[in-house]
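Before any comments, here is the structure.
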Number of protein chains: 2
Amino acid sequence: MNSNNKKPVAIRAFAPASVGNAGPGFDLLGHTVSGVGDRVIVSRIEEPTVRIDAISGCVTNLPLDAAHNTAGKALLSLREHLQLSHGFALEIEKGIPLGSGLGGSAASCVAALVAANALLFEPQSRQALYRHALAGEAVASGSAHGDNVGCMLLGGLVLASADRLMSIPVPDELYCVVVHPHQILETRRAREVLQGTYLLSDVVNQSGNLAQLILGCYEQDWDLIQAGLCDAVVEPRRAPLIPGFRRVRQAALDHGALGGSISGAGPSVFAWFRGALAAQNAAPAMQQAFSDAGFASEVYVGPVAGPAAEVESCNS
Amino acid sequence: MNSNNKKPVAIRAFAPASVGNAGPGFDLLGHTVSGVGDRVIVSRIEEPTVRIDAISGCVTNLPLDAAHNTAGKALLSLREHLQLSHGFALEIEKGIPLGSGLGGSAASCVAALVAANALLFEPQSRQALYRHALAGEAVASGSAHGDNVGCMLLGGLVLASADRLMSIPVPDELYCVVVHPHQILETRRAREVLQGTYLLSDVVNQSGNLAQLILGCYEQDWDLIQAGLCDAVVEPRRAPLIPGFRRVRQAALDHGALGGSISGAGPSVFAWFRGALAAQNAAPAMQQAFSDAGFASEVYVGPVAGPAAEVESCNS
C-alpha cells in the first residue's frame, strides 16, 4: 500500500448543539447552535467491532455498550452497511448536558460518524451518513427523527424527512438565542403529553406555519419568517412542563424576537432575532426571566446558519 | 372631473378554475387551471348596494341575493371596507360546473372582485382583494380557506394563509392534468369524513410533505416535488367517496406522473407531470380510467403556473 493512501489512525470530530423541533417543524426542522457541542475521537481498530473506551465531560453515565449508545449504534450501522472489515474505538467527550433539549445524543452520534467517515478510504457524503445518524438517534429517543442529526450533518437550518436532508437558506442576519435552564424535564412526561389526538385544524396550522417559515427564508421576508415561527400544536402541550417558559419567551418578544418556542423536548427555550445585536441584547433578559422563575441557566447566541460538524484533528 | 379619470361603466373579468387542496396543502395550496373558468360583468350603479342581475352558463340555480352569493358577498365586503358611495350590478356567466372540485364558487367571487376593482378610482392590489375573496368564499363553503381564491388572484401555485397570499415559483415544465368525472359528490359527506381526530404523525407527515414540495419548487428538484406531492391525511378519507379515484391516479402514475390526488373536495382528480408532452399523453389514459369506472369526464391540461384572473373587456 502506498503510504500516501495511509489514513490516520485516530480522528477527532466536533458536532455542535442544535435547536430541534424548531417552531412549527416538530420532528422535521432544526438548526445548529455555535459555542457548545460534543467531541468524539474515533480510532480504527483491527477487531470487527465498535468499542467505547471512554466517556468524559459533562455527562458520563451513558451506556458503554455500543449497541445501546447513540454514537456506538451509528458506527455499527455504518460498519454493517459498508461491510467494513475493520472496527472502531470511540472516546466520547460530552459538552452538551443530557436532557437539555439541545440535541446531546445526536451530537455524539454525528461527531462519531464524521470522525469515522474521515477514517474511511472512500468517505461518504453527509447525506449518505444520515441513515446511520438516524439509527444512532433512535437508540436514545426510541424513534428515528432527524431534526437534530440533520442540521449537525449539513450545518444551518435543515428540513429532515425520513430519508433525506434539505438545507434551507436563511438570511445571514437571522440569529438565535437559546437558554438552557437548570431544571429536570422528565422525558417520559414530555412524550406522554403528546399522546392522544389532534384536529384537522392542527394539521393545517402546523403545515401552513412551516410552509410560511420556509418561504420566508427563501424570500428573505422577515414578516413571513415571523408569521411562520409558531408552534400551535406541540408547544401548548409541553410548555406547562417547563416552569418559566412563558415569561422567558415574553422576555424575548419584549426584546424584539421574531418568535420562539421550546428547543427539542425542552426545557431549553429558543428565540429568533433579526440581527446579532438584537439577539445579544435579549439574551440577559431571557436568562433573567428563568432566574425570576427560580432557575439558573446557560445561554448561547449565534446565527441560525450555525456550523456543521467537522473534523478537528488527526493523529496518524 | 377630468374625462381621463372617467372609469368605464361595465367591466368583464375572467377567473380560471383551480386545483385546491393541492396534494399535501389541504386548505392551503392551490394552482390555477387554464381552459375553463367563470366570467363576471360588473357595472357601477348609483344605488349603494350590490345586485345580481343574471346568472347564465353551466350553472344557473345560484342565489340571486347578493349576501348569499359568493360573488355578491365579495363585493359587499369590498364596498363596506372601502366605504364606497356607489354600488355594483353583476352578471355571472358560469363556466365551471358546481361541485366539481375545480373552484367554481371561488372563480365567480374572484372574477367579480377583479372586475369591480378595475372600476374603482383607486384599484386595490390583488393581495388586498384577498380578504374580500375569503368573505365571498365563506358563503359557499361555510369556512374561509383561500387555496382556491388565492391562486386565482395571483396566478400559478399559491400558498394561502388566513391573512396573506404567497406565490411559489414552479418549474416551467411542471404540468397538470385534471379530470372532472360526471359524478355527484355529496359535499356534506366529503366534509363529514374529515371530522374526528388525527394523529401527531399526521401533522408531521403533512407538514413534511408540504415543506418538501415547496423546497422542491424553489430548488427545481423533481425528486423533492415528487416526494412532497402526497396527501396521506385527507385523501385516504375522501378517496372512497370517488368511484374510480384509485384507478385514475394509477393511470397517471403509469404515464409518468410525479403524483396526484383529489382536486378540491373532489370528484375531480389531478396529477402533476414533468413536461407538457407527458401530461398530454397521460390525459386520455386518465379519462379512460374514469370511463372504465362508468363515468364520462372532461379533462384539462396546462402548466401549474397557470393564469391569474384578469379583465377581459371594458365598456365605457
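A note on labels: chains of the C-alpha cells are A, B, ... as shown, every chain counts residues from 1, and ligands are counted from 1 in their shown order.
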Fewer than 6 positions away in the same chain doesn't count, so skip those; otherwise give me all residues within 6 Å of region 104-109 of chain A, counting only C-alpha atoms, as a short mmCIF file (atom, residue, chain, number, x, y, z; two decimals) with C-alpha atoms, in the first residue's frame.
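around.cif written:
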data_model
loop_
_atom_site.label_atom_id
_atom_site.label_comp_id
_atom_site.auth_asym_id
_atom_site.auth_seq_id
_atom_site.Cartn_x
_atom_site.Cartn_y
_atom_site.Cartn_z
CA ALA A 15 -20.63 18.28 16.46
CA ASP A 38 -19.74 17.09 21.76
CA THR A 70 -26.11 6.57 20.12
CA ALA A 71 -22.55 7.06 18.86
CA ILE A 96 -23.93 19.11 25.89
CA GLU A 137 -30.55 8.68 17.34
CA VAL A 149 -28.77 14.98 13.48
#
Query raised in the report: Got a sec to tell me which of region 202-306 of chain B DSSP assigns to helix (DSSP H, G or I), as a ChimeraX atom specification?
Result: /B:202-219,222-228,235-241,245-254,276-292
Determine, for each residue of chain A having at least one atom at most 9 Å from an atom of chain B, the closest pair of atoms and their separation in Å to one decimal, counting only C-alpha atoms; order by chain and ascending number, as a tab-separated table.
residue	atom	partner	partner_atom	distance
A:Pro24	CA	B:Ser207	CA	8.6
A:Gly25	CA	B:Ser207	CA	7.7
A:Phe26	CA	B:Val204	CA	6.8
A:Asp27	CA	B:Val204	CA	7.0
A:Leu28	CA	B:Gly208	CA	6.7
A:Leu159	CA	B:Ala211	CA	8.0
A:Ala160	CA	B:Gly208	CA	8.2
A:Ser161	CA	B:Gly208	CA	6.6
A:Met166	CA	B:Leu215	CA	8.0
A:Ile168	CA	B:Leu215	CA	8.0
A:Leu194	CA	B:Leu200	CA	7.6
A:Gln195	CA	B:Leu200	CA	7.8
A:Gly196	CA	B:Leu199	CA	7.3
A:Thr197	CA	B:Leu199	CA	5.3
A:Tyr198	CA	B:Tyr198	CA	4.8
A:Leu199	CA	B:Thr197	CA	5.3
A:Leu200	CA	B:Tyr198	CA	6.5
A:Asp202	CA	B:Val203	CA	6.9
A:Val203	CA	B:Val203	CA	4.6
A:Val204	CA	B:Phe26	CA	6.8
A:Asn205	CA	B:Ser161	CA	8.8
A:Gln206	CA	B:Ser207	CA	6.5
A:Ser207	CA	B:Ser207	CA	4.2
A:Gly208	CA	B:Ser161	CA	6.6
A:Asn209	CA	B:Ser161	CA	8.4
A:Leu210	CA	B:Ser207	CA	6.7
A:Ala211	CA	B:Ala211	CA	5.6
A:Gln212	CA	B:Leu159	CA	8.2
A:Ile214	CA	B:Ala211	CA	7.3
A:Leu215	CA	B:Ile214	CA	7.8
A:Tyr218	CA	B:Tyr218	CA	7.9
A:Val233	CA	B:Val203	CA	8.7
A:Val234	CA	B:Leu200	CA	8.8
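Looking only at region 103-190 of chain A, the set that DSSP places in strand (DSSP E or B) from backbone geometry is Leu157, Val158, Leu159, Ala160, Leu165, Met166, Ser167, Ile168, Leu174, Tyr175, Cys176, Val177, Val178, Val179, His180 and Pro181 of chain A.
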Query - For region 47-62 of chain B: contacts at 6 Å, only C-alpha atoms, fewer than 4 positions along chain excluded, given as a PyMOL selection string - result: chain B and resi 85-95
Query raised in the report: Which polymer residues have any atom within 12 Å of an atom of Asp254 (chain A), counting only C-alpha atoms, with same-chain residues fewer than 2 positions away left out, as a ChimeraX atom specification?
Result: /A:246-252,256-260,271,273,278-279,281-283,285-286,289
Atoms to include: C-alpha atoms. Write the selected residues as an mmCIF file, in the first residue's frame.
data_model
loop_
_atom_site.group_PDB
_atom_site.id
_atom_site.type_symbol
_atom_site.label_atom_id
_atom_site.label_comp_id
_atom_site.auth_asym_id
_atom_site.auth_seq_id
_atom_site.Cartn_x
_atom_site.Cartn_y
_atom_site.Cartn_z
ATOM 1 C CA ARG A 246 -43.936 31.795 29.101
ATOM 2 C CA ARG A 247 -42.070 34.548 30.862
ATOM 3 C CA VAL A 248 -38.828 33.646 29.077
ATOM 4 C CA ARG A 249 -40.480 33.804 25.708
ATOM 5 C CA GLN A 250 -42.208 37.020 26.665
ATOM 6 C CA ALA A 251 -38.825 38.487 27.589
ATOM 7 C CA ALA A 252 -37.570 37.533 24.145
ATOM 8 C CA GLY A 256 -37.789 42.192 19.531
ATOM 9 C CA ALA A 257 -37.801 38.431 18.946
ATOM 10 C CA LEU A 258 -39.486 37.240 15.753
ATOM 11 C CA GLY A 259 -40.820 34.348 17.811
ATOM 12 C CA GLY A 260 -39.615 31.481 19.925
ATOM 13 C CA ALA A 271 -35.980 32.651 20.128
ATOM 14 C CA PHE A 273 -33.990 37.651 16.103
ATOM 15 C CA ALA A 278 -30.868 42.238 18.984
ATOM 16 C CA ALA A 279 -30.087 38.661 19.997
ATOM 17 C CA ASN A 281 -29.443 42.297 23.950
ATOM 18 C CA ALA A 282 -32.235 39.823 24.570
ATOM 19 C CA ALA A 283 -30.073 37.050 25.979
ATOM 20 C CA ALA A 285 -33.334 39.299 29.736
ATOM 21 C CA MET A 286 -34.231 35.721 28.821
ATOM 22 C CA ALA A 289 -36.738 35.557 33.270
#
Report task. With a distance cut-off of 7 Å and only C-alpha atoms, select the neighbouring residues of region 301-314 of chain B, excluding the residue or stretch itself and same-chain residues fewer than 2 positions from it, and output the selection as a PyMOL selection string. Result -> chain B and resi 8+10-16+31-34+111+114-115+152-157+170+174-178+279-280+299+316
